[in-house]
Amino acid sequence: QVQLVESGGGLVQAGGPLRLSCAVAGRTFSSAVMAWFRQAPGKERDFVAGIRWSGGSTRYDDSVKDRFTISRDNAKNTVYLQMNSLKPEDTAVYYCAVNRAIPVGITTTRNTYEYWGQGTQVTVSS
């Protein structure tokens with residue numbers, strides 16, 4: 001069993017930064033992929049960024065590339081999402097997710113991720 005707990009959401013002005021954290025409890029695997037998704041009201045839950053637990057390769061949605069950075073601290077079992085130059089359209093509930101066994105690459109498909117956190121609200125005011 002794996003548990004994910006997000007933190008760090010809140011209200012921020014457009015152009016500002018925010019950092020989300022996802023603490024991972026339970027067993028993971030070296031081939032695991034951690035990802036952040038987000039869901040705005042009335043919209044689908046979409047992939048934002050992902051990182052391989054081993055090796056640290058990353059993948060980003062085009063809408064956040066060059067603004068967001070995903071990273072992980074293996075010793076702390078924590079994944080981070082540093083969000084800079086935030087825009088009102090980044091407003092959403094952000095979810096952390098894990099797929100424990102992806103041999104290569106980083107999938108953006110929501111239903112391939114096995115475990116999810118409870119979500120944390122990010123609101124960007126204009």
# chains A, B, ... in the order shown; residues from 1 in each chain; ligands from 1
call {"tool": "residues_around", "arguments": {"residues": "region 99-108 of chain A", "least_positions_apart": "3", "cutoff": "8 Å", "atoms": "only C-alpha atoms", "output": "ChimeraX atom specification"}}
result
/A:28-34,47,50-52,58-59,112-115
call {"tool": "write_last_selection", "arguments": {"atoms": "N, CA and C atoms", "output": "PDB file, in the first residue's frame"}}
result
ATOM      1  N   THR A  28       7.671   1.840  -2.452  1.00  0.00           N
ATOM      2  CA  THR A  28       7.703   2.199  -3.867  1.00  0.00           C
ATOM      3  C   THR A  28       8.765   1.337  -4.539  1.00  0.00           C
ATOM      4  N   PHE A  29       8.959   1.519  -5.801  1.00  0.00           N
ATOM      5  CA  PHE A  29       9.881   0.709  -6.565  1.00  0.00           C
ATOM      6  C   PHE A  29      10.801   1.587  -7.377  1.00  0.00           C
ATOM      7  N   SER A  30      11.954   1.046  -7.711  1.00  0.00           N
ATOM      8  CA  SER A  30      12.931   1.848  -8.448  1.00  0.00           C
ATOM      9  C   SER A  30      12.405   2.263  -9.814  1.00  0.00           C
ATOM     10  N   SER A  31      11.467   1.515 -10.355  1.00  0.00           N
ATOM     11  CA  SER A  31      10.918   1.871 -11.661  1.00  0.00           C
ATOM     12  C   SER A  31       9.667   2.739 -11.545  1.00  0.00           C
ATOM     13  N   ALA A  32       9.426   3.281 -10.361  1.00  0.00           N
ATOM     14  CA  ALA A  32       8.238   4.094 -10.162  1.00  0.00           C
ATOM     15  C   ALA A  32       8.344   5.440 -10.870  1.00  0.00           C
ATOM     16  N   VAL A  33       7.195   5.931 -11.264  1.00  0.00           N
ATOM     17  CA  VAL A  33       7.059   7.282 -11.803  1.00  0.00           C
ATOM     18  C   VAL A  33       6.112   8.053 -10.893  1.00  0.00           C
ATOM     19  N   MET A  34       6.550   9.230 -10.480  1.00  0.00           N
ATOM     20  CA  MET A  34       5.703  10.138  -9.701  1.00  0.00           C
ATOM     21  C   MET A  34       5.240  11.250 -10.622  1.00  0.00           C
ATOM     22  N   PHE A  47      -2.478  15.814 -16.888  1.00  0.00           N
ATOM     23  CA  PHE A  47      -1.072  15.663 -16.532  1.00  0.00           C
ATOM     24  C   PHE A  47      -0.377  17.017 -16.533  1.00  0.00           C
ATOM     25  N   GLY A  50       5.942  14.904 -14.577  1.00  0.00           N
ATOM     26  CA  GLY A  50       6.272  13.603 -14.025  1.00  0.00           C
ATOM     27  C   GLY A  50       7.773  13.440 -13.885  1.00  0.00           C
ATOM     28  N   ILE A  51       8.176  12.519 -13.004  1.00  0.00           N
ATOM     29  CA  ILE A  51       9.589  12.278 -12.767  1.00  0.00           C
ATOM     30  C   ILE A  51       9.793  10.805 -12.438  1.00  0.00           C
ATOM     31  N   ARG A  52      10.834  10.221 -12.963  1.00  0.00           N
ATOM     32  CA  ARG A  52      11.182   8.853 -12.628  1.00  0.00           C
ATOM     33  C   ARG A  52      11.917   8.847 -11.289  1.00  0.00           C
ATOM     34  N   THR A  58      12.566  13.723 -16.390  1.00  0.00           N
ATOM     35  CA  THR A  58      11.315  14.450 -16.207  1.00  0.00           C
ATOM     36  C   THR A  58      10.574  14.638 -17.521  1.00  0.00           C
ATOM     37  N   ARG A  59       9.295  14.978 -17.359  1.00  0.00           N
ATOM     38  CA  ARG A  59       8.450  15.276 -18.510  1.00  0.00           C
ATOM     39  C   ARG A  59       7.432  16.318 -18.069  1.00  0.00           C
ATOM     40  N   THR A 112      -3.379   5.170 -15.728  1.00  0.00           N
ATOM     41  CA  THR A 112      -2.251   4.261 -15.500  1.00  0.00           C
ATOM     42  C   THR A 112      -1.627   4.458 -14.128  1.00  0.00           C
ATOM     43  N   TYR A 113      -2.030   5.499 -13.431  1.00  0.00           N
ATOM     44  CA  TYR A 113      -1.470   5.774 -12.104  1.00  0.00           C
ATOM     45  C   TYR A 113      -2.319   5.090 -11.041  1.00  0.00           C
ATOM     46  N   GLU A 114      -1.643   4.397 -10.129  1.00  0.00           N
ATOM     47  CA  GLU A 114      -2.325   3.508  -9.197  1.00  0.00           C
ATOM     48  C   GLU A 114      -2.798   4.194  -7.930  1.00  0.00           C
ATOM     49  N   TYR A 115      -2.000   5.087  -7.395  1.00  0.00           N
ATOM     50  CA  TYR A 115      -2.323   5.718  -6.126  1.00  0.00           C
ATOM     51  C   TYR A 115      -2.329   7.237  -6.286  1.00  0.00           C
TER      52      TYR A 115
END
call {"tool": "select_by_dssp", "arguments": {"residues": "region 27-95 of chain A", "states": "strand (DSSP E or B)", "output": "PyMOL selection string"}}
result
chain A and resi 33-39+45-52+58-60+68-73+78-83+92-95
call {"tool": "select_by_dssp", "arguments": {"residues": "region 20-114 of chain A", "states": "helix (DSSP H, G or I)", "output": "ChimeraX atom specification"}}
result
/A:88-90,110-112
call {"tool": "residues_around", "arguments": {"residues": "Val2 (chain A)", "least_positions_apart": "6", "cutoff": "7 Å", "atoms": "only C-alpha atoms", "output": "PyMOL selection string"}}
result
chain A and resi 25-27+115
call {"tool": "residues_around", "arguments": {"residues": "Ala92 (chain A)", "least_positions_apart": "5", "cutoff": "10 Å", "atoms": "only C-alpha atoms", "output": "list in words"}}
result
Gly9, Phe37, Arg38, Gln39, Ala40, Pro41, Lys43, Arg45, Gly119, Thr120, Gln121, Val122, Thr123 and Val124 of chain A
call {"tool": "write_last_selection", "arguments": {"atoms": "C-alpha atoms", "output": "PDB file, in the first residue's frame"}}
result
ATOM      1  CA  GLY A   9      -1.332  24.821  -1.942  1.00  0.00           C
ATOM      2  CA  PHE A  37      -1.972  16.237 -12.257  1.00  0.00           C
ATOM      3  CA  ARG A  38      -4.424  19.090 -11.918  1.00  0.00           C
ATOM      4  CA  GLN A  39      -8.154  19.498 -12.262  1.00  0.00           C
ATOM      5  CA  ALA A  40      -9.923  22.802 -12.757  1.00  0.00           C
ATOM      6  CA  PRO A  41     -13.680  23.097 -12.107  1.00  0.00           C
ATOM      7  CA  LYS A  43     -12.556  20.060 -16.579  1.00  0.00           C
ATOM      8  CA  ARG A  45      -7.788  15.872 -14.573  1.00  0.00           C
ATOM      9  CA  GLY A 119      -5.324  16.991  -3.677  1.00  0.00           C
ATOM     10  CA  THR A 120      -4.356  20.522  -2.730  1.00  0.00           C
ATOM     11  CA  GLN A 121      -6.036  23.679  -3.990  1.00  0.00           C
ATOM     12  CA  VAL A 122      -3.990  26.258  -5.887  1.00  0.00           C
ATOM     13  CA  THR A 123      -5.701  29.562  -6.626  1.00  0.00           C
ATOM     14  CA  VAL A 124      -3.990  32.255  -8.695  1.00  0.00           C
TER      15      VAL A 124
END
call {"tool": "closest_residue", "arguments": {"among": "A:Trp53, A:Arg110, A:Gly16, A:Ser126", "to": "Val79 (chain A)", "atoms": "only C-alpha atoms"}}
result
A:Trp53
call {"tool": "closest_residue", "arguments": {"among": "A:Leu11, A:Ala49, A:Leu18, A:Val98", "to": "Met83 (chain A)", "atoms": "only C-alpha atoms"}}
result
A:Leu18
call {"tool": "closest_residue", "arguments": {"among": "A:Thr109, A:Ser54, A:Thr78, A:Asn84", "to": "Ser7 (chain A)", "atoms": "only C-alpha atoms"}}
result
A:Thr78
call {"tool": "decode", "arguments": {"residues": "chain A", "atoms": "C-alpha atoms", "output": "PDB file, in the first residue's frame"}}
result
ATOM      1  CA  GLN A   1       0.000   0.000   0.000  1.00  0.00           C
ATOM      2  CA  VAL A   2       1.199   3.494  -0.853  1.00  0.00           C
ATOM      3  CA  GLN A   3      -0.080   6.726   0.647  1.00  0.00           C
ATOM      4  CA  LEU A   4       0.472  10.151  -0.828  1.00  0.00           C
ATOM      5  CA  VAL A   5      -0.050  13.390   1.073  1.00  0.00           C
ATOM      6  CA  GLU A   6       0.125  16.725  -0.736  1.00  0.00           C
ATOM      7  CA  SER A   7       0.768  20.075   0.875  1.00  0.00           C
ATOM      8  CA  GLY A   8       1.722  23.603  -0.086  1.00  0.00           C
ATOM      9  CA  GLY A   9      -1.332  24.821  -1.942  1.00  0.00           C
ATOM     10  CA  GLY A  10      -2.864  28.219  -1.372  1.00  0.00           C
ATOM     11  CA  LEU A  11      -3.736  31.602  -2.812  1.00  0.00           C
ATOM     12  CA  VAL A  12      -1.087  33.482  -4.778  1.00  0.00           C
ATOM     13  CA  GLN A  13      -1.056  36.494  -7.078  1.00  0.00           C
ATOM     14  CA  ALA A  14      -0.379  36.087 -10.759  1.00  0.00           C
ATOM     15  CA  GLY A  15       3.339  36.020 -11.450  1.00  0.00           C
ATOM     16  CA  GLY A  16       4.164  34.631  -8.042  1.00  0.00           C
ATOM     17  CA  PRO A  17       5.678  31.309  -6.997  1.00  0.00           C
ATOM     18  CA  LEU A  18       4.359  28.374  -5.017  1.00  0.00           C
ATOM     19  CA  ARG A  19       5.874  25.016  -4.116  1.00  0.00           C
ATOM     20  CA  LEU A  20       3.861  21.851  -3.657  1.00  0.00           C
ATOM     21  CA  SER A  21       5.106  18.812  -1.786  1.00  0.00           C
ATOM     22  CA  CYS A  22       4.010  15.194  -1.960  1.00  0.00           C
ATOM     23  CA  ALA A  23       5.124  12.915   0.861  1.00  0.00           C
ATOM     24  CA  VAL A  24       5.170   9.230  -0.052  1.00  0.00           C
ATOM     25  CA  ALA A  25       4.521   6.592   2.619  1.00  0.00           C
ATOM     26  CA  GLY A  26       4.789   2.889   1.944  1.00  0.00           C
ATOM     27  CA  ARG A  27       6.744   0.832  -0.490  1.00  0.00           C
ATOM     28  CA  THR A  28       7.703   2.199  -3.867  1.00  0.00           C
ATOM     29  CA  PHE A  29       9.881   0.709  -6.565  1.00  0.00           C
ATOM     30  CA  SER A  30      12.931   1.848  -8.448  1.00  0.00           C
ATOM     31  CA  SER A  31      10.918   1.871 -11.661  1.00  0.00           C
ATOM     32  CA  ALA A  32       8.238   4.094 -10.162  1.00  0.00           C
ATOM     33  CA  VAL A  33       7.059   7.282 -11.803  1.00  0.00           C
ATOM     34  CA  MET A  34       5.703  10.138  -9.701  1.00  0.00           C
ATOM     35  CA  ALA A  35       3.479  12.707 -11.335  1.00  0.00           C
ATOM     36  CA  TRP A  36       1.445  15.808 -10.688  1.00  0.00           C
ATOM     37  CA  PHE A  37      -1.972  16.237 -12.257  1.00  0.00           C
ATOM     38  CA  ARG A  38      -4.424  19.090 -11.918  1.00  0.00           C
ATOM     39  CA  GLN A  39      -8.154  19.498 -12.262  1.00  0.00           C
ATOM     40  CA  ALA A  40      -9.923  22.802 -12.757  1.00  0.00           C
ATOM     41  CA  PRO A  41     -13.680  23.097 -12.107  1.00  0.00           C
ATOM     42  CA  GLY A  42     -15.651  21.415 -14.860  1.00  0.00           C
ATOM     43  CA  LYS A  43     -12.556  20.060 -16.579  1.00  0.00           C
ATOM     44  CA  GLU A  44     -10.687  16.786 -16.847  1.00  0.00           C
ATOM     45  CA  ARG A  45      -7.788  15.872 -14.573  1.00  0.00           C
ATOM     46  CA  ASP A  46      -4.731  16.577 -16.712  1.00  0.00           C
ATOM     47  CA  PHE A  47      -1.072  15.663 -16.532  1.00  0.00           C
ATOM     48  CA  VAL A  48       1.234  18.478 -15.425  1.00  0.00           C
ATOM     49  CA  ALA A  49       4.651  16.936 -14.791  1.00  0.00           C
ATOM     50  CA  GLY A  50       6.272  13.603 -14.025  1.00  0.00           C
ATOM     51  CA  ILE A  51       9.589  12.278 -12.767  1.00  0.00           C
ATOM     52  CA  ARG A  52      11.182   8.853 -12.628  1.00  0.00           C
ATOM     53  CA  TRP A  53      12.072   7.898  -9.064  1.00  0.00           C
ATOM     54  CA  SER A  54      15.333   6.360 -10.247  1.00  0.00           C
ATOM     55  CA  GLY A  55      17.388   8.519 -12.547  1.00  0.00           C
ATOM     56  CA  GLY A  56      15.267  11.630 -12.214  1.00  0.00           C
ATOM     57  CA  SER A  57      14.267  12.091 -15.835  1.00  0.00           C
ATOM     58  CA  THR A  58      11.315  14.450 -16.207  1.00  0.00           C
ATOM     59  CA  ARG A  59       8.450  15.276 -18.510  1.00  0.00           C
ATOM     60  CA  TYR A  60       6.191  18.347 -18.615  1.00  0.00           C
ATOM     61  CA  ASP A  61       2.997  19.415 -20.242  1.00  0.00           C
ATOM     62  CA  ASP A  62       3.644  22.201 -22.730  1.00  0.00           C
ATOM     63  CA  SER A  63       1.458  24.600 -20.735  1.00  0.00           C
ATOM     64  CA  VAL A  64       3.873  24.559 -17.780  1.00  0.00           C
ATOM     65  CA  LYS A  65       7.210  23.956 -19.447  1.00  0.00           C
ATOM     66  CA  ASP A  66       9.817  26.556 -18.430  1.00  0.00           C
ATOM     67  CA  ARG A  67       7.626  27.666 -15.499  1.00  0.00           C
ATOM     68  CA  PHE A  68       7.249  24.536 -13.364  1.00  0.00           C
ATOM     69  CA  THR A  69       9.954  22.199 -12.090  1.00  0.00           C
ATOM     70  CA  ILE A  70       9.378  18.731 -10.660  1.00  0.00           C
ATOM     71  CA  SER A  71      12.003  17.218  -8.394  1.00  0.00           C
ATOM     72  CA  ARG A  72      12.347  14.497  -5.791  1.00  0.00           C
ATOM     73  CA  ASP A  73      14.247  13.893  -2.596  1.00  0.00           C
ATOM     74  CA  ASN A  74      14.772  10.155  -2.327  1.00  0.00           C
ATOM     75  CA  ALA A  75      15.992  10.363   1.260  1.00  0.00           C
ATOM     76  CA  LYS A  76      12.797  12.146   2.320  1.00  0.00           C
ATOM     77  CA  ASN A  77      10.515  10.157   0.002  1.00  0.00           C
ATOM     78  CA  THR A  78       9.097  13.440  -1.205  1.00  0.00           C
ATOM     79  CA  VAL A  79       8.301  14.885  -4.612  1.00  0.00           C
ATOM     80  CA  TYR A  80       8.087  18.619  -5.204  1.00  0.00           C
ATOM     81  CA  LEU A  81       6.501  20.854  -7.800  1.00  0.00           C
ATOM     82  CA  GLN A  82       8.030  24.306  -7.922  1.00  0.00           C
ATOM     83  CA  MET A  83       5.655  26.605  -9.750  1.00  0.00           C
ATOM     84  CA  ASN A  84       6.881  30.001 -10.937  1.00  0.00           C
ATOM     85  CA  SER A  85       5.257  32.757 -12.998  1.00  0.00           C
ATOM     86  CA  LEU A  86       1.839  31.472 -12.038  1.00  0.00           C
ATOM     87  CA  LYS A  87      -1.152  32.426 -14.170  1.00  0.00           C
ATOM     88  CA  PRO A  88      -4.872  32.505 -13.316  1.00  0.00           C
ATOM     89  CA  GLU A  89      -5.346  29.534 -15.652  1.00  0.00           C
ATOM     90  CA  ASP A  90      -3.105  27.467 -13.344  1.00  0.00           C
ATOM     91  CA  THR A  91      -5.903  27.579 -10.762  1.00  0.00           C
ATOM     92  CA  ALA A  92      -6.907  23.998  -9.991  1.00  0.00           C
ATOM     93  CA  VAL A  93      -6.759  21.206  -7.466  1.00  0.00           C
ATOM     94  CA  TYR A  94      -3.336  19.596  -7.812  1.00  0.00           C
ATOM     95  CA  TYR A  95      -2.935  15.877  -7.240  1.00  0.00           C
ATOM     96  CA  CYS A  96       0.125  13.738  -6.717  1.00  0.00           C
ATOM     97  CA  ALA A  97       0.093  10.239  -8.185  1.00  0.00           C
ATOM     98  CA  VAL A  98       2.340   7.209  -8.529  1.00  0.00           C
ATOM     99  CA  ASN A  99       2.749   4.330 -10.922  1.00  0.00           C
ATOM    100  CA  ARG A 100       5.065   1.821  -9.338  1.00  0.00           C
ATOM    101  CA  ALA A 101       6.239  -0.029 -12.405  1.00  0.00           C
ATOM    102  CA  ILE A 102       6.824   1.775 -15.659  1.00  0.00           C
ATOM    103  CA  PRO A 103       9.924   0.263 -17.295  1.00  0.00           C
ATOM    104  CA  VAL A 104      10.762   3.266 -19.425  1.00  0.00           C
ATOM    105  CA  GLY A 105       9.537   6.789 -19.963  1.00  0.00           C
ATOM    106  CA  ILE A 106       6.844   8.764 -18.172  1.00  0.00           C
ATOM    107  CA  THR A 107       3.203   8.218 -19.023  1.00  0.00           C
ATOM    108  CA  THR A 108       0.752  11.112 -19.081  1.00  0.00           C
ATOM    109  CA  THR A 109      -2.315   8.852 -19.033  1.00  0.00           C
ATOM    110  CA  ARG A 110      -4.334   9.374 -15.868  1.00  0.00           C
ATOM    111  CA  ASN A 111      -5.691   5.865 -15.471  1.00  0.00           C
ATOM    112  CA  THR A 112      -2.251   4.261 -15.500  1.00  0.00           C
ATOM    113  CA  TYR A 113      -1.470   5.774 -12.104  1.00  0.00           C
ATOM    114  CA  GLU A 114      -2.325   3.508  -9.197  1.00  0.00           C
ATOM    115  CA  TYR A 115      -2.323   5.718  -6.126  1.00  0.00           C
ATOM    116  CA  TRP A 116      -3.434   9.308  -5.629  1.00  0.00           C
ATOM    117  CA  GLY A 117      -3.222  11.933  -2.951  1.00  0.00           C
ATOM    118  CA  GLN A 118      -6.215  13.878  -1.688  1.00  0.00           C
ATOM    119  CA  GLY A 119      -5.324  16.991  -3.677  1.00  0.00           C
ATOM    120  CA  THR A 120      -4.356  20.522  -2.730  1.00  0.00           C
ATOM    121  CA  GLN A 121      -6.036  23.679  -3.990  1.00  0.00           C
ATOM    122  CA  VAL A 122      -3.990  26.258  -5.887  1.00  0.00           C
ATOM    123  CA  THR A 123      -5.701  29.562  -6.626  1.00  0.00           C
ATOM    124  CA  VAL A 124      -3.990  32.255  -8.695  1.00  0.00           C
ATOM    125  CA  SER A 125      -5.556  35.698  -8.567  1.00  0.00           C
ATOM    126  CA  SER A 126      -5.217  38.186 -11.406  1.00  0.00           C
TER     127      SER A 126
END
